[in-house]
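What follows is the content of upload.txt, which has compact mmCIF, N, CA and C atoms:
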# COMPACT_ATOMS: atom_id res chain seq x y z
N MET A 1 -17.95 -83.55 2.67
CA MET A 1 -18.13 -83.90 4.06
C MET A 1 -17.88 -82.70 4.94
N HIS A 2 -18.78 -82.47 5.85
CA HIS A 2 -18.64 -81.35 6.77
C HIS A 2 -18.12 -81.85 8.10
N HIS A 3 -17.24 -81.09 8.66
CA HIS A 3 -16.76 -81.40 10.00
C HIS A 3 -17.59 -80.64 11.01
N ALA A 4 -17.68 -81.18 12.22
CA ALA A 4 -18.47 -80.53 13.26
C ALA A 4 -17.94 -79.14 13.57
N GLY A 5 -16.61 -78.96 13.55
CA GLY A 5 -16.02 -77.64 13.82
C GLY A 5 -16.39 -76.63 12.76
N HIS A 6 -16.46 -77.06 11.50
CA HIS A 6 -16.81 -76.17 10.40
C HIS A 6 -18.26 -75.70 10.53
N VAL A 7 -19.16 -76.63 10.88
CA VAL A 7 -20.57 -76.29 11.03
C VAL A 7 -20.77 -75.34 12.20
N SER A 8 -20.11 -75.58 13.32
CA SER A 8 -20.29 -74.70 14.48
C SER A 8 -19.69 -73.33 14.22
N SER A 9 -18.56 -73.24 13.51
CA SER A 9 -17.99 -71.93 13.22
C SER A 9 -18.87 -71.18 12.22
N GLU A 10 -19.46 -71.92 11.28
CA GLU A 10 -20.36 -71.28 10.32
C GLU A 10 -21.60 -70.76 11.02
N SER A 11 -22.15 -71.53 11.94
CA SER A 11 -23.34 -71.06 12.67
C SER A 11 -22.97 -69.91 13.60
N ALA A 12 -21.75 -69.92 14.13
CA ALA A 12 -21.31 -68.81 14.98
C ALA A 12 -21.19 -67.53 14.16
N VAL A 13 -20.65 -67.65 12.95
CA VAL A 13 -20.53 -66.48 12.06
C VAL A 13 -21.92 -65.98 11.69
N ARG A 14 -22.82 -66.91 11.38
CA ARG A 14 -24.18 -66.53 11.03
C ARG A 14 -24.89 -65.85 12.21
N ALA A 15 -24.69 -66.39 13.42
CA ALA A 15 -25.30 -65.79 14.61
C ALA A 15 -24.72 -64.39 14.85
N ALA A 16 -23.40 -64.25 14.67
CA ALA A 16 -22.77 -62.94 14.85
C ALA A 16 -23.28 -61.95 13.80
N ASP A 17 -23.49 -62.43 12.57
CA ASP A 17 -24.02 -61.56 11.51
C ASP A 17 -25.44 -61.12 11.85
N ASN A 18 -26.26 -62.03 12.35
CA ASN A 18 -27.62 -61.68 12.74
C ASN A 18 -27.63 -60.68 13.88
N LYS A 19 -26.70 -60.86 14.85
CA LYS A 19 -26.61 -59.92 15.96
C LYS A 19 -26.20 -58.54 15.47
N ARG A 20 -25.22 -58.48 14.56
CA ARG A 20 -24.79 -57.19 14.01
C ARG A 20 -25.93 -56.53 13.25
N SER A 21 -26.70 -57.34 12.54
CA SER A 21 -27.85 -56.80 11.80
C SER A 21 -28.87 -56.20 12.77
N ASP A 22 -29.15 -56.92 13.84
CA ASP A 22 -30.08 -56.42 14.86
C ASP A 22 -29.54 -55.15 15.50
N ASP A 23 -28.23 -55.13 15.81
CA ASP A 23 -27.61 -53.95 16.40
C ASP A 23 -27.69 -52.76 15.45
N ARG A 24 -27.48 -53.02 14.16
CA ARG A 24 -27.54 -51.95 13.16
C ARG A 24 -28.96 -51.37 13.10
N GLU A 25 -29.97 -52.24 13.12
CA GLU A 25 -31.36 -51.77 13.09
C GLU A 25 -31.69 -50.96 14.34
N GLU A 26 -31.17 -51.40 15.49
CA GLU A 26 -31.40 -50.65 16.73
C GLU A 26 -30.73 -49.28 16.66
N LEU A 27 -29.52 -49.23 16.12
CA LEU A 27 -28.80 -47.98 15.97
C LEU A 27 -29.56 -47.03 15.04
N LEU A 28 -30.10 -47.55 13.95
CA LEU A 28 -30.89 -46.72 13.05
C LEU A 28 -32.14 -46.19 13.74
N ALA A 29 -32.76 -47.02 14.56
CA ALA A 29 -33.94 -46.57 15.30
C ALA A 29 -33.58 -45.46 16.28
N GLN A 30 -32.41 -45.58 16.93
CA GLN A 30 -31.98 -44.54 17.87
C GLN A 30 -31.61 -43.25 17.13
N ALA A 31 -31.10 -43.37 15.92
CA ALA A 31 -30.67 -42.19 15.17
C ALA A 31 -31.85 -41.43 14.58
N THR A 32 -32.99 -42.09 14.46
CA THR A 32 -34.17 -41.44 13.90
C THR A 32 -34.77 -40.50 14.93
N ALA A 33 -35.08 -39.30 14.52
CA ALA A 33 -35.67 -38.32 15.43
C ALA A 33 -37.03 -38.81 15.94
N SER A 34 -37.24 -38.68 17.25
CA SER A 34 -38.51 -39.15 17.81
C SER A 34 -39.53 -38.02 17.93
N ILE A 35 -39.07 -36.76 17.84
CA ILE A 35 -39.98 -35.63 17.88
C ILE A 35 -40.17 -35.15 16.44
N PRO A 36 -41.40 -35.22 15.93
CA PRO A 36 -41.63 -34.80 14.54
C PRO A 36 -41.28 -33.32 14.35
N GLY A 37 -40.84 -33.00 13.15
CA GLY A 37 -40.48 -31.62 12.84
C GLY A 37 -41.65 -30.66 13.03
N ALA A 38 -42.88 -31.13 12.75
CA ALA A 38 -44.06 -30.27 12.90
C ALA A 38 -44.23 -29.84 14.36
N ILE A 39 -43.92 -30.73 15.29
CA ILE A 39 -44.04 -30.39 16.72
C ILE A 39 -43.01 -29.32 17.08
N LEU A 40 -41.77 -29.47 16.59
CA LEU A 40 -40.75 -28.46 16.88
C LEU A 40 -41.13 -27.11 16.28
N TRP A 41 -41.66 -27.10 15.06
CA TRP A 41 -42.09 -25.84 14.46
C TRP A 41 -43.26 -25.24 15.24
N PHE A 42 -44.17 -26.07 15.73
CA PHE A 42 -45.27 -25.59 16.55
C PHE A 42 -44.75 -24.94 17.84
N LEU A 43 -43.79 -25.61 18.49
CA LEU A 43 -43.20 -25.05 19.71
C LEU A 43 -42.50 -23.73 19.43
N LEU A 44 -41.80 -23.64 18.32
CA LEU A 44 -41.12 -22.40 17.95
C LEU A 44 -42.14 -21.28 17.67
N ALA A 45 -43.22 -21.61 16.97
CA ALA A 45 -44.27 -20.62 16.70
C ALA A 45 -44.92 -20.16 18.00
N THR A 46 -45.17 -21.11 18.90
CA THR A 46 -45.76 -20.77 20.20
C THR A 46 -44.83 -19.84 20.98
N LEU A 47 -43.55 -20.14 20.97
CA LEU A 47 -42.57 -19.29 21.64
C LEU A 47 -42.57 -17.90 21.04
N THR A 48 -42.59 -17.81 19.72
CA THR A 48 -42.58 -16.50 19.05
C THR A 48 -43.82 -15.69 19.40
N ILE A 49 -44.98 -16.32 19.34
CA ILE A 49 -46.24 -15.63 19.67
C ILE A 49 -46.23 -15.18 21.12
N THR A 50 -45.74 -16.04 22.02
CA THR A 50 -45.69 -15.70 23.44
C THR A 50 -44.77 -14.50 23.68
N VAL A 51 -43.60 -14.52 23.08
CA VAL A 51 -42.64 -13.41 23.26
C VAL A 51 -43.21 -12.11 22.70
N ILE A 52 -43.81 -12.17 21.52
CA ILE A 52 -44.41 -10.97 20.92
C ILE A 52 -45.55 -10.46 21.81
N GLY A 53 -46.39 -11.38 22.29
CA GLY A 53 -47.49 -10.99 23.18
C GLY A 53 -47.00 -10.35 24.46
N LEU A 54 -45.99 -10.93 25.06
CA LEU A 54 -45.44 -10.34 26.29
C LEU A 54 -44.76 -9.01 26.00
N GLY A 55 -44.10 -8.91 24.84
CA GLY A 55 -43.46 -7.65 24.46
C GLY A 55 -44.48 -6.54 24.27
N ILE A 56 -45.63 -6.86 23.71
CA ILE A 56 -46.69 -5.86 23.52
C ILE A 56 -47.25 -5.41 24.87
N CYS A 57 -47.28 -6.32 25.84
CA CYS A 57 -47.84 -6.00 27.15
C CYS A 57 -46.89 -5.21 28.05
N LEU A 58 -45.64 -5.07 27.65
CA LEU A 58 -44.69 -4.32 28.48
C LEU A 58 -45.10 -2.84 28.56
N PRO A 59 -44.87 -2.23 29.70
CA PRO A 59 -45.16 -0.79 29.79
C PRO A 59 -44.27 0.00 28.81
N ARG A 60 -44.77 1.12 28.35
CA ARG A 60 -44.03 1.93 27.38
C ARG A 60 -42.85 2.66 28.03
N LYS A 61 -42.94 3.00 29.31
CA LYS A 61 -41.86 3.72 29.99
C LYS A 61 -41.40 2.92 31.20
N ASN A 62 -40.15 3.14 31.57
CA ASN A 62 -39.57 2.45 32.75
C ASN A 62 -39.74 0.93 32.66
N ASN A 63 -39.41 0.39 31.51
CA ASN A 63 -39.61 -1.05 31.29
C ASN A 63 -38.29 -1.82 31.18
N ARG A 64 -37.22 -1.22 31.65
CA ARG A 64 -35.91 -1.86 31.48
C ARG A 64 -35.85 -3.25 32.14
N GLY A 65 -36.33 -3.36 33.36
CA GLY A 65 -36.32 -4.65 34.08
C GLY A 65 -37.17 -5.70 33.38
N GLN A 66 -38.36 -5.30 32.95
CA GLN A 66 -39.24 -6.23 32.24
C GLN A 66 -38.64 -6.63 30.89
N GLY A 67 -38.02 -5.67 30.21
CA GLY A 67 -37.40 -5.97 28.91
C GLY A 67 -36.25 -6.95 29.05
N ILE A 68 -35.40 -6.74 30.06
CA ILE A 68 -34.28 -7.67 30.30
C ILE A 68 -34.82 -9.04 30.66
N THR A 69 -35.84 -9.09 31.49
CA THR A 69 -36.44 -10.38 31.88
C THR A 69 -37.01 -11.10 30.65
N LEU A 70 -37.68 -10.35 29.78
CA LEU A 70 -38.24 -10.94 28.56
C LEU A 70 -37.13 -11.49 27.66
N VAL A 71 -36.04 -10.75 27.51
CA VAL A 71 -34.93 -11.22 26.68
C VAL A 71 -34.30 -12.48 27.27
N VAL A 72 -34.10 -12.50 28.60
CA VAL A 72 -33.50 -13.66 29.26
C VAL A 72 -34.40 -14.89 29.12
N ILE A 73 -35.70 -14.72 29.36
CA ILE A 73 -36.63 -15.85 29.25
C ILE A 73 -36.68 -16.35 27.80
N THR A 74 -36.69 -15.42 26.85
CA THR A 74 -36.69 -15.81 25.43
C THR A 74 -35.44 -16.62 25.10
N ALA A 75 -34.28 -16.15 25.56
CA ALA A 75 -33.03 -16.86 25.30
C ALA A 75 -33.05 -18.25 25.94
N LEU A 76 -33.54 -18.35 27.18
CA LEU A 76 -33.60 -19.65 27.85
C LEU A 76 -34.53 -20.63 27.13
N LEU A 77 -35.71 -20.16 26.74
CA LEU A 77 -36.66 -21.05 26.06
C LEU A 77 -36.15 -21.45 24.67
N THR A 78 -35.52 -20.51 23.97
CA THR A 78 -34.96 -20.84 22.66
C THR A 78 -33.83 -21.85 22.79
N THR A 79 -32.97 -21.65 23.78
CA THR A 79 -31.88 -22.60 24.03
C THR A 79 -32.43 -23.96 24.38
N THR A 80 -33.48 -24.00 25.18
CA THR A 80 -34.10 -25.28 25.55
C THR A 80 -34.63 -26.00 24.32
N LEU A 81 -35.29 -25.29 23.42
CA LEU A 81 -35.78 -25.91 22.18
C LEU A 81 -34.63 -26.44 21.33
N CYS A 82 -33.55 -25.66 21.25
CA CYS A 82 -32.39 -26.11 20.47
C CYS A 82 -31.76 -27.36 21.08
N ILE A 83 -31.66 -27.40 22.40
CA ILE A 83 -31.10 -28.57 23.08
C ILE A 83 -31.98 -29.80 22.86
N ILE A 84 -33.29 -29.62 22.98
CA ILE A 84 -34.22 -30.74 22.76
C ILE A 84 -34.05 -31.28 21.34
N ARG A 85 -33.99 -30.39 20.36
CA ARG A 85 -33.83 -30.82 18.97
C ARG A 85 -32.49 -31.54 18.77
N ASP A 86 -31.44 -31.01 19.37
CA ASP A 86 -30.11 -31.58 19.19
C ASP A 86 -29.98 -32.95 19.85
N VAL A 87 -30.52 -33.08 21.05
CA VAL A 87 -30.45 -34.36 21.78
C VAL A 87 -31.31 -35.41 21.07
N ASP A 88 -32.37 -34.98 20.42
CA ASP A 88 -33.25 -35.91 19.71
C ASP A 88 -32.60 -36.46 18.45
N ARG A 89 -31.54 -35.82 17.98
CA ARG A 89 -30.79 -36.26 16.79
C ARG A 89 -29.34 -36.47 17.19
N PRO A 90 -29.01 -37.62 17.83
CA PRO A 90 -27.69 -37.80 18.43
C PRO A 90 -26.53 -37.91 17.45
N PHE A 91 -26.79 -38.23 16.18
CA PHE A 91 -25.68 -38.42 15.24
C PHE A 91 -25.50 -37.23 14.31
N GLY A 92 -25.95 -36.07 14.75
CA GLY A 92 -25.78 -34.84 13.99
C GLY A 92 -26.07 -33.67 14.90
N GLY A 93 -25.63 -32.50 14.51
CA GLY A 93 -25.87 -31.31 15.31
C GLY A 93 -24.68 -31.01 16.21
N ILE A 94 -24.93 -30.13 17.18
CA ILE A 94 -23.86 -29.69 18.07
C ILE A 94 -23.40 -30.84 18.97
N ILE A 95 -24.37 -31.55 19.56
CA ILE A 95 -24.04 -32.71 20.39
C ILE A 95 -23.94 -33.90 19.44
N ASN A 96 -22.74 -34.26 19.07
CA ASN A 96 -22.54 -35.29 18.05
C ASN A 96 -21.97 -36.55 18.69
N VAL A 97 -22.67 -37.66 18.55
CA VAL A 97 -22.22 -38.94 19.07
C VAL A 97 -21.62 -39.72 17.91
N GLU A 98 -20.37 -40.07 18.04
CA GLU A 98 -19.71 -40.84 16.99
C GLU A 98 -20.11 -42.32 17.10
N PRO A 99 -20.35 -43.00 15.99
CA PRO A 99 -20.75 -44.41 16.03
C PRO A 99 -19.54 -45.34 16.19
N THR A 100 -18.74 -45.11 17.23
CA THR A 100 -17.50 -45.87 17.39
C THR A 100 -17.75 -47.34 17.68
N ALA A 101 -18.78 -47.65 18.47
CA ALA A 101 -19.04 -49.05 18.82
C ALA A 101 -19.42 -49.86 17.59
N ILE A 102 -20.29 -49.31 16.75
CA ILE A 102 -20.71 -50.06 15.57
C ILE A 102 -19.57 -50.14 14.56
N THR A 103 -18.72 -49.10 14.50
CA THR A 103 -17.57 -49.13 13.60
C THR A 103 -16.59 -50.21 14.02
N GLU A 104 -16.35 -50.32 15.32
CA GLU A 104 -15.46 -51.36 15.84
C GLU A 104 -16.05 -52.75 15.61
N ALA A 105 -17.36 -52.89 15.82
CA ALA A 105 -18.02 -54.18 15.56
C ALA A 105 -17.91 -54.57 14.09
N GLU A 106 -18.05 -53.58 13.21
CA GLU A 106 -17.92 -53.85 11.77
C GLU A 106 -16.49 -54.29 11.44
N ARG A 107 -15.51 -53.61 12.01
CA ARG A 107 -14.12 -53.97 11.75
C ARG A 107 -13.81 -55.39 12.22
N GLN A 108 -14.27 -55.72 13.44
CA GLN A 108 -14.03 -57.06 13.98
C GLN A 108 -14.77 -58.12 13.17
N GLY A 109 -16.01 -57.81 12.78
CA GLY A 109 -16.78 -58.77 12.00
C GLY A 109 -16.14 -59.05 10.65
N THR A 110 -15.66 -58.00 10.00
CA THR A 110 -14.99 -58.16 8.71
C THR A 110 -13.71 -58.97 8.88
N ARG A 111 -12.95 -58.66 9.92
CA ARG A 111 -11.70 -59.39 10.17
C ARG A 111 -11.98 -60.87 10.42
N ASP A 112 -12.96 -61.15 11.28
CA ASP A 112 -13.29 -62.55 11.59
C ASP A 112 -13.81 -63.29 10.36
N PHE A 113 -14.66 -62.62 9.59
CA PHE A 113 -15.23 -63.27 8.41
C PHE A 113 -14.15 -63.60 7.40
N THR A 114 -13.26 -62.63 7.12
CA THR A 114 -12.21 -62.89 6.13
C THR A 114 -11.20 -63.92 6.64
N ALA A 115 -11.01 -64.01 7.95
CA ALA A 115 -10.10 -65.02 8.50
C ALA A 115 -10.70 -66.42 8.36
N ASN A 116 -12.00 -66.55 8.60
CA ASN A 116 -12.66 -67.85 8.56
C ASN A 116 -13.09 -68.26 7.15
N HIS A 117 -13.34 -67.28 6.27
CA HIS A 117 -13.83 -67.56 4.92
C HIS A 117 -13.08 -66.68 3.92
N PRO A 118 -11.81 -66.95 3.68
CA PRO A 118 -11.02 -66.06 2.82
C PRO A 118 -11.49 -65.98 1.38
N ALA A 119 -12.14 -66.99 0.86
CA ALA A 119 -12.54 -66.99 -0.55
C ALA A 119 -13.98 -66.53 -0.75
N THR A 120 -14.67 -66.14 0.32
CA THR A 120 -16.08 -65.78 0.24
C THR A 120 -16.26 -64.28 0.44
N GLU A 121 -17.21 -63.70 -0.29
CA GLU A 121 -17.52 -62.28 -0.09
C GLU A 121 -18.34 -62.12 1.18
N PRO A 122 -18.20 -60.99 1.88
CA PRO A 122 -19.03 -60.74 3.07
C PRO A 122 -20.51 -60.71 2.69
N PRO A 123 -21.39 -61.00 3.65
CA PRO A 123 -22.83 -61.05 3.34
C PRO A 123 -23.44 -59.69 3.05
N CYS A 124 -22.70 -58.58 3.33
CA CYS A 124 -23.22 -57.24 3.09
C CYS A 124 -22.27 -56.46 2.20
N ASP A 125 -22.81 -55.49 1.46
CA ASP A 125 -21.95 -54.63 0.66
C ASP A 125 -21.36 -53.51 1.54
N ASP A 126 -20.66 -52.57 0.92
CA ASP A 126 -19.99 -51.50 1.69
C ASP A 126 -20.96 -50.58 2.41
N GLN A 127 -22.20 -50.51 1.93
CA GLN A 127 -23.21 -49.68 2.58
C GLN A 127 -23.99 -50.43 3.66
N GLY A 128 -23.68 -51.71 3.86
CA GLY A 128 -24.37 -52.49 4.88
C GLY A 128 -25.62 -53.19 4.41
N ASN A 129 -25.90 -53.15 3.11
CA ASN A 129 -27.07 -53.83 2.57
C ASN A 129 -26.76 -55.30 2.32
N ARG A 130 -27.70 -56.16 2.70
CA ARG A 130 -27.47 -57.60 2.49
C ARG A 130 -27.37 -57.92 0.99
N ARG A 131 -26.42 -58.76 0.68
CA ARG A 131 -26.28 -59.22 -0.71
C ARG A 131 -27.29 -60.34 -0.95
N THR A 132 -27.87 -60.35 -2.11
CA THR A 132 -28.80 -61.42 -2.45
C THR A 132 -28.02 -62.57 -3.05
N VAL A 133 -28.43 -63.77 -2.71
CA VAL A 133 -27.72 -64.97 -3.17
C VAL A 133 -28.30 -65.46 -4.46
Would you mind writing the file's structure down as structure tokens?
Amino acid sequence: MHHAGHVSSESAVRAADNKRSDDREELLAQATASIPGAILWFLLATLTITVIGLGICLPRKNNRGQGITLVVITALLTTTLCIIRDVDRPFGGIINVEPTAITEAERQGTRDFTANHPATEPPCDDQGNRRTV
């Protein structure tokens, strides 16, 4: 015999599990780079060709100002490409976003599940993959 409280708590746990699953999928989508590597390599090649082309066009004498300008512009464009690449991959690189929210959600979900169902295994393994029944 099932009690109404048991059914509603079970459906609440199931709803929370589905929400965590959806949140995990969204997090994976955000962690995936949206700019393909080929595009970044193309931009880097374009930058290299542009800098070499401008360097060839510099006058042979009295070019200190133009040379400094070329170095500064090269550094700025290279830094911009590095920042774009780093921001596009938020869970790695120099700008590193820690997955604290999902870690806390996992901790709370595990705590709630084990409190409500002490004799049952969680629906996911340690890697977050659903267990088959």
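Picture a line from CA of Val51 in chain A to CA of Val71 in chain A; it runs 8.7 Å.
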- [ ] Quote the spacing between CA of Cys124 in chain A and atom N of Gln108 in chain A in Å to one decimal place.
- [x] 13.8 Å
Open item on the list: as a PyMOL selection string, please: every residue in chain A that DSSP puts in helix (DSSP H, G or I).
Closed with: chain A and resi 4-31+37-57+64-88+100-116
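With only N, CA and C atoms as the atoms that count, the residue of A:Asp126, A:Arg107, A:Leu81, A:Asp112 with the shortest distance to Val13 in chain A is A:Asp112.
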Open item on the list: Would you compute the distance between atom C of Leu58 in chain A and atom N of Trp41 in chain A? Give it in Å to one decimal.
Closed with: 28.0 Å
- [ ] Find the residues near range 127-133 of chain A: any atom within 9 Å, counting only C-alpha atoms, skip ones fewer than 2 places away on the same chain, and give them as a PyMOL selection string.
- [x] chain A and resi 21+24+122-125
TODO: Counting only N, CA and C atoms, note down every residue that has an atom within 6.5 Å of the point (-17.9, -59.6, 11.5) (file coordinates), as number ranges by chain.
DONE: A: 16-17, 105-113
